[in-house]
Amino acid sequence: MSTNGNQAAGGAGSGPDSKGFLGISQLTLRAVVIGMIGSVIITASSVYVALKMSALPWPTIFVAVLSMALLKALGKTSLNEINIAQTGMSAGAMVAGGLAFTIPGLWISGAYKPYDAAESSLAGWFFPKFWPVLLIAFTGMILGSLLCWYLRPRFVEQEKLPYPIGTAAAEALSAGDKGGRKAGILFAALGLTAIFTYLRDKVAGFPQAISGLLWKVPVSLTLSPMGIGIGYIIGIEYTSYWLGGAIFTNFIINKLGIEWHAFPDAAAAGAFTLTAAIGLMVGSGAGILITFLRSLFRRRKAVAASVEAVAPVTGSPAAGDFPAGRLAGQSRRFSLGLLILITVALSYALSIFAGLSPLAAALLMLGVLVATAMSATITGQTGINPMEIFGILILLAIRLFVDVDTIGAFFVAAAVAVACGYAGDLLNDYKTGALIGTNPNAQLVSQIFGGIVGTLVASVAMFAVIVQYGGVFGANEALTAAQAISVSAMVSGIGDNFVFLVAALLGCLLYLRKVPAMIIGIGMLLNIGLAAAIFLGGLIRFILDLIRKEKAADTTTGNVIAAGLLGGEGITGTILAIIAMFSR
């Protein structure tokens with residue numbers, strides 16, 4: 001894919017992006033505004049999806065199609081302008097994920113109490129909790145934004161990591177969709193899903209799930225378009241592991257385990273399930289870290305070998321060896337160093353205002369630096385970003401040096417998760433931009449505006465959804481929040497040490513053998529009906545792939561429909577929750 005092809009389609013130097021809003025090439029005011037508006041919608045939807053489904057697929061392709069549809073409707077545009085708007089739109093999604101995967105643990109652990117109108121007003125309950133969460137969210141967003149920008153040249157331009165989601169978005173944009181067919185499909189899926197969600201949740205026109213017996217075994221299917229959409233995007237392989245984890249919990253442990261007296265009661269079976277699932281997820285995180293360090297060592301060894309091979313035949317000095325080159329490089333390094341210093345100082349102050357001790361806040365700054373680099377690499381190589389696992393790992397490391405109370409522990413995990421998720425999402429956007437020739441400075445501006453709006457919306461939306469559903473989480477509750485349950489378990493205690501260690505070792509070995517142990521662990525924490533809905537989406541994808549295998553069919557149409565299913569239920573559910581919260 002080349003920049004030349006993009007310019008022919010209206011790239012740099014043509015169309016509205018040549019005006020240079022704020023003096024930045026390719027940046028337009030309408031791209032920034034559309035990115036901010038889109039960030040509100042996508043972020044609110046992402047909070048709902050993450051809390052309800054314990055998963056958050058990358059929004060990159062969804063926002064790419066949405067940005068393309070909106071900008072084409074407004075008149076002449078370019079792939080660069082679309083990419084810039086897309087960057088702002090997706091900026092808050094992983095902030096939402098970072099919060100939703102960690103902060104509900106405050107309710108799960110009992111550190112925060114659910115809202116009770118008999119005890120306090122909504123404002124009296126809301127604001128003392130909201131401001132610290134907002135500050136810690138901004139801490140993660142600011143650090144993630146800075147580190148994302150700092151890492152972009154290395155990972156995107158020098159090492160050219162694939163970033164599969166960003167590459168897919170670039171291909172979708174380059175395809176053009178001149179007739180607007182995909183935009184029409186997207187909005188149709190959004191609208192129909194929104195109507196269904198409203199009828200199901202507000203009017204009770206549809207049940208939440210259907211249940212029955214299969215060979216005398218109770219089964220259920222959650223009626224969730226969002227679950228089907230997630231399954232379609234993930235595919236049959238991962239959804240099979242997801243369903244397998246749920247079957248193992250619901251039938252092997254909870255049913256046969258109790259009947260065969262392996263567990264004395266349901267509480268003991270539940271404790272075993274939680275500890276084993278957390279162990280699998282943490283072990284998978286350790287496997288990710290091992291893989292990262294191994295690939296880093298191999299890469300450095302290969303670079304050293306190539307330098308040694310080239311050194312004898314190179315005699316010309318580099319530009320940086322000349323005085324002017326050195327001065328220019330030193331000036332750039334000084335400016336970047338000053339920017340990093342200011343940004344870290346701001347984040348440090350925000351984390352202290354949120355309630356962390358000065359030492360814990362300082363260690364958090366270092367932890368985020370390490371975790372974000374690992375997250376950016378893993379996302380670039382695999383498209384997977386286990387942000388909450390990085391939060392757990394950094395929390396455990398910080399607790400080796402300083403005592404952190406329960407609320408502070410969740411805030412540490414949240415800041416790390418937000419920063420890691422934010423960097424992973426935005427580096428996908430930067431990868432898209434690199435492939436189609438977008439000015440990264442323009443993307444940075446759009447990212448900042450979208451990130452500020454998204455962080456505020458994510459914090460409000462999370463509280464709204466939690467209030468709407470009573471602040472109760474679990475496999476059989478309306479809000480599953482499996483990741484937050486795992487973080488809570490690590491904060492409160494891991495249960496049976498032997499079970500945890502065995503599961504962690506197994507999770508690490510499975511990951512190293514390319515088996516997604518983390519998804520199995522999440523499946524173990526979800527109810528069977530939701531896992532079945534997700535598997536149904538993967539099965540639909542599998543069948544359709546078989547049907548169109550011999551055809552030159554456009555495989556992105558299904559992804560667009562799936563994105564509409566996610567967006568329709570997520571947006572509608574969040575709006576209903578916010579209305580309910582502020583109408584109390």
# chains A, B, ... in the order shown; residues from 1 in each chain; ligands from 1
>>> closest_atom_pairs(of="range 447-495 of chain A", to="range 107-124 of chain A", cutoff="9 Å", atoms="only C-alpha atoms", output="JSON lines")
{"residue": "A:Ile466", "atom": "CA", "partner": "A:Pro114", "partner_atom": "CA", "distance": 8.2}
{"residue": "A:Val467", "atom": "CA", "partner": "A:Tyr115", "partner_atom": "CA", "distance": 6.5}
{"residue": "A:Gly470", "atom": "CA", "partner": "A:Pro114", "partner_atom": "CA", "distance": 6.2}
{"residue": "A:Gly471", "atom": "CA", "partner": "A:Pro114", "partner_atom": "CA", "distance": 5.0}
{"residue": "A:Val472", "atom": "CA", "partner": "A:Ile108", "partner_atom": "CA", "distance": 7.3}
{"residue": "A:Phe473", "atom": "CA", "partner": "A:Ile108", "partner_atom": "CA", "distance": 6.8}
{"residue": "A:Gly474", "atom": "CA", "partner": "A:Ile108", "partner_atom": "CA", "distance": 8.8}
{"residue": "A:Ala484", "atom": "CA", "partner": "A:Ile108", "partner_atom": "CA", "distance": 8.1}
{"residue": "A:Ile485", "atom": "CA", "partner": "A:Ile108", "partner_atom": "CA", "distance": 7.0}
{"residue": "A:Ser488", "atom": "CA", "partner": "A:Ser109", "partner_atom": "CA", "distance": 6.2}
{"residue": "A:Ala489", "atom": "CA", "partner": "A:Ser109", "partner_atom": "CA", "distance": 8.3}
{"residue": "A:Val491", "atom": "CA", "partner": "A:Ser109", "partner_atom": "CA", "distance": 8.5}
{"residue": "A:Ser492", "atom": "CA", "partner": "A:Ser109", "partner_atom": "CA", "distance": 7.2}
>>> select_by_dssp(residues="range 344-520 of chain A", states="helix (DSSP H, G or I)", output="number ranges by chain")
A: 344-353, 358-382, 387-398, 406-436, 440-468, 482-492, 497-512, 517-520
>>> write_last_selection(atoms="C-alpha atoms", output="compact mmCIF listing (two decimals), in the first residue's frame")
# COMPACT_ATOMS: atom_id res chain seq x y z
CA VAL A 344 4.87 12.84 33.75
CA ALA A 345 4.80 15.60 36.38
CA LEU A 346 1.16 16.37 35.53
CA SER A 347 0.22 12.69 35.67
CA TYR A 348 2.09 12.29 38.95
CA ALA A 349 0.17 15.21 40.48
CA LEU A 350 -3.18 13.86 39.24
CA SER A 351 -2.51 10.41 40.73
CA ILE A 352 -1.68 11.99 44.11
CA PHE A 353 -4.86 14.10 43.98
CA PRO A 358 3.76 10.01 46.65
CA LEU A 359 5.87 6.82 46.59
CA ALA A 360 3.07 4.71 45.09
CA ALA A 361 2.46 7.41 42.48
CA ALA A 362 6.17 7.51 41.57
CA LEU A 363 6.28 3.72 41.17
CA LEU A 364 3.11 3.93 39.09
CA MET A 365 4.85 6.27 36.64
CA LEU A 366 7.65 3.73 36.17
CA GLY A 367 5.24 0.82 35.98
CA VAL A 368 3.15 2.47 33.28
CA LEU A 369 6.30 3.08 31.22
CA VAL A 370 7.22 -0.61 31.29
CA ALA A 371 3.68 -1.94 30.83
CA THR A 372 2.87 0.40 27.96
CA ALA A 373 5.98 -0.62 26.05
CA MET A 374 5.04 -4.29 26.46
CA SER A 375 1.42 -3.60 25.53
CA ALA A 376 2.40 -1.67 22.42
CA THR A 377 4.67 -4.48 21.28
CA ILE A 378 2.19 -7.27 21.95
CA THR A 379 -0.63 -5.35 20.25
CA GLY A 380 1.61 -4.72 17.27
CA GLN A 381 2.60 -8.35 16.96
CA THR A 382 -0.67 -10.12 17.74
CA MET A 387 -4.66 -4.40 29.60
CA GLU A 388 -6.10 -5.58 32.94
CA ILE A 389 -3.39 -8.26 33.23
CA PHE A 390 -0.74 -5.58 32.92
CA GLY A 391 -2.59 -3.66 35.62
CA ILE A 392 -2.43 -6.69 37.93
CA LEU A 393 1.27 -7.30 37.22
CA ILE A 394 2.28 -3.68 37.94
CA LEU A 395 0.11 -3.64 41.07
CA LEU A 396 1.82 -6.77 42.39
CA ALA A 397 5.23 -5.25 41.62
CA ILE A 398 4.39 -1.96 43.39
CA THR A 406 -7.70 -1.39 48.58
CA ILE A 407 -8.89 1.74 46.79
CA GLY A 408 -5.34 2.70 45.84
CA ALA A 409 -4.73 -0.81 44.48
CA PHE A 410 -7.67 -0.56 42.09
CA PHE A 411 -6.57 2.93 41.06
CA VAL A 412 -3.08 1.63 40.21
CA ALA A 413 -4.54 -1.20 38.14
CA ALA A 414 -6.94 1.22 36.42
CA ALA A 415 -4.25 3.75 35.48
CA VAL A 416 -2.05 1.02 34.00
CA ALA A 417 -4.97 -0.59 32.14
CA VAL A 418 -6.12 2.75 30.70
CA ALA A 419 -2.61 3.67 29.57
CA CYS A 420 -2.00 0.26 27.97
CA GLY A 421 -5.38 0.16 26.26
CA TYR A 422 -5.04 3.74 25.07
CA ALA A 423 -1.60 3.19 23.59
CA GLY A 424 -2.61 -0.04 21.88
CA ASP A 425 -5.67 1.51 20.24
CA LEU A 426 -3.89 4.63 19.09
CA LEU A 427 -0.88 2.80 17.72
CA ASN A 428 -3.33 0.86 15.55
CA ASP A 429 -4.58 4.24 14.30
CA TYR A 430 -1.01 5.42 13.72
CA LYS A 431 -0.33 2.22 11.78
CA THR A 432 -3.35 2.97 9.58
CA GLY A 433 -2.03 6.49 9.07
CA ALA A 434 1.45 5.27 8.18
CA LEU A 435 0.02 2.97 5.49
CA ILE A 436 -2.11 5.66 3.83
CA PRO A 440 0.96 11.84 12.56
CA ASN A 441 0.98 15.36 14.04
CA ALA A 442 -2.58 15.81 12.81
CA GLN A 443 -3.53 12.47 14.35
CA LEU A 444 -1.97 13.55 17.65
CA VAL A 445 -4.16 16.66 17.86
CA SER A 446 -7.30 14.68 17.04
CA GLN A 447 -6.25 12.06 19.58
CA ILE A 448 -5.86 14.64 22.36
CA PHE A 449 -9.28 16.22 21.80
CA GLY A 450 -10.98 12.85 21.45
CA GLY A 451 -9.15 11.46 24.47
CA ILE A 452 -10.15 14.32 26.77
CA VAL A 453 -13.81 14.00 25.82
CA GLY A 454 -13.68 10.20 25.94
CA THR A 455 -12.12 10.11 29.41
CA LEU A 456 -14.87 12.32 30.83
CA VAL A 457 -17.62 10.33 29.12
CA ALA A 458 -16.14 6.98 30.17
CA SER A 459 -16.12 7.99 33.82
CA VAL A 460 -19.71 9.27 33.79
CA ALA A 461 -21.04 6.37 31.71
CA MET A 462 -19.43 3.77 33.95
CA PHE A 463 -21.15 5.16 37.05
CA ALA A 464 -24.44 5.46 35.15
CA VAL A 465 -24.41 1.81 34.08
CA ILE A 466 -23.36 0.63 37.55
CA VAL A 467 -26.17 2.61 39.20
CA GLN A 468 -28.68 1.32 36.65
CA ALA A 482 -15.11 -10.80 34.56
CA GLN A 483 -11.88 -8.80 34.35
CA ALA A 484 -12.83 -6.63 37.32
CA ILE A 485 -13.62 -9.79 39.29
CA SER A 486 -10.13 -11.10 38.50
CA VAL A 487 -8.51 -7.81 39.57
CA SER A 488 -10.60 -7.85 42.76
CA ALA A 489 -9.46 -11.38 43.51
CA MET A 490 -5.82 -10.36 43.16
CA VAL A 491 -6.35 -7.35 45.43
CA SER A 492 -8.32 -9.24 48.09
CA ASN A 497 -2.45 -20.86 46.64
CA PHE A 498 -1.90 -24.33 45.21
CA VAL A 499 -4.85 -24.07 42.81
CA PHE A 500 -3.73 -20.61 41.73
CA LEU A 501 -0.11 -21.62 41.11
CA VAL A 502 -1.07 -24.74 39.17
CA ALA A 503 -3.56 -22.78 37.06
CA ALA A 504 -1.02 -19.98 36.48
CA LEU A 505 1.63 -22.46 35.36
CA LEU A 506 -0.91 -24.15 33.08
CA GLY A 507 -2.01 -20.78 31.67
CA CYS A 508 1.58 -19.83 30.91
CA LEU A 509 2.34 -23.15 29.22
CA LEU A 510 -0.90 -23.03 27.21
CA TYR A 511 -0.14 -19.52 25.98
CA LEU A 512 3.38 -20.52 24.97
CA ALA A 517 -5.71 -19.52 28.13
CA MET A 518 -6.88 -15.99 28.92
CA ILE A 519 -10.06 -16.49 26.90
CA ILE A 520 -10.67 -19.83 28.63
>>> closest_residue(among="A:Val95, A:Leu106, A:Leu274, A:Ala533", to="Ala137 in chain A", atoms="only C-alpha atoms")
A:Val95
>>> closest_residue(among="A:Ile288, A:Leu79, A:Ala194, A:Leu151", to="Ser45 in chain A", atoms="only C-alpha atoms")
A:Ala194
>>> atom_distance(atom1="CA of Ala85 in chain A", atom2="CA of Arg541 in chain A")
29.2 Å
>>> closest_residue(among="A:Ile234, A:Leu530, A:Val63, A:Thr197", to="Gly35 in chain A", atoms="only C-alpha atoms")
A:Val63
>>> residues_around(residues="range 264-268 of chain A", least_positions_apart="2", cutoff="12 Å", atoms="only C-alpha atoms", output="compact mmCIF listing (two decimals) with N, CA and C atoms, in the first residue's frame")
# COMPACT_ATOMS: atom_id res chain seq x y z
N THR A 249 -16.95 -24.72 33.65
CA THR A 249 -17.43 -24.19 34.93
C THR A 249 -18.82 -24.69 35.26
N ASN A 250 -19.74 -24.51 34.31
CA ASN A 250 -21.15 -24.76 34.60
C ASN A 250 -21.50 -26.24 34.72
N ILE A 253 -17.54 -28.39 36.84
CA ILE A 253 -17.27 -27.99 38.23
C ILE A 253 -18.57 -27.87 39.03
N ASN A 254 -19.47 -26.99 38.56
CA ASN A 254 -20.66 -26.68 39.35
C ASN A 254 -21.66 -27.83 39.42
N LYS A 255 -21.73 -28.67 38.40
CA LYS A 255 -22.72 -29.76 38.40
C LYS A 255 -22.07 -31.09 38.79
N LEU A 256 -21.17 -31.59 37.94
CA LEU A 256 -20.58 -32.89 38.21
C LEU A 256 -19.66 -32.86 39.42
N GLY A 257 -18.95 -31.75 39.60
CA GLY A 257 -18.04 -31.65 40.74
C GLY A 257 -18.76 -31.77 42.06
N ILE A 258 -19.94 -31.15 42.15
CA ILE A 258 -20.72 -31.24 43.38
C ILE A 258 -21.39 -32.61 43.50
N GLU A 259 -21.94 -33.12 42.39
CA GLU A 259 -22.61 -34.44 42.43
C GLU A 259 -21.63 -35.55 42.79
N TRP A 260 -20.40 -35.43 42.32
CA TRP A 260 -19.40 -36.46 42.60
C TRP A 260 -18.62 -36.17 43.89
N HIS A 261 -19.04 -35.14 44.63
CA HIS A 261 -18.47 -34.77 45.93
C HIS A 261 -17.01 -34.32 45.85
N ALA A 262 -16.63 -33.81 44.68
CA ALA A 262 -15.31 -33.19 44.59
C ALA A 262 -15.31 -31.86 45.34
N GLY A 270 -17.54 -22.53 43.50
CA GLY A 270 -17.34 -21.17 42.98
C GLY A 270 -15.98 -20.61 43.32
N ALA A 271 -15.50 -20.87 44.54
CA ALA A 271 -14.18 -20.38 44.94
C ALA A 271 -13.09 -21.03 44.09
N PHE A 272 -13.23 -22.32 43.83
CA PHE A 272 -12.25 -23.02 42.98
C PHE A 272 -12.26 -22.42 41.58
N THR A 273 -13.46 -22.20 41.04
CA THR A 273 -13.57 -21.64 39.69
C THR A 273 -12.89 -20.28 39.60
N LEU A 274 -13.17 -19.41 40.56
CA LEU A 274 -12.60 -18.07 40.54
C LEU A 274 -11.08 -18.12 40.60
N THR A 275 -10.54 -18.92 41.53
CA THR A 275 -9.09 -19.01 41.69
C THR A 275 -8.43 -19.60 40.44
N GLY A 495 -7.07 -16.78 47.03
CA GLY A 495 -7.74 -18.03 47.39
C GLY A 495 -6.73 -19.13 47.68
N ASP A 496 -7.01 -20.32 47.19
CA ASP A 496 -6.12 -21.46 47.40
C ASP A 496 -4.83 -21.27 46.60
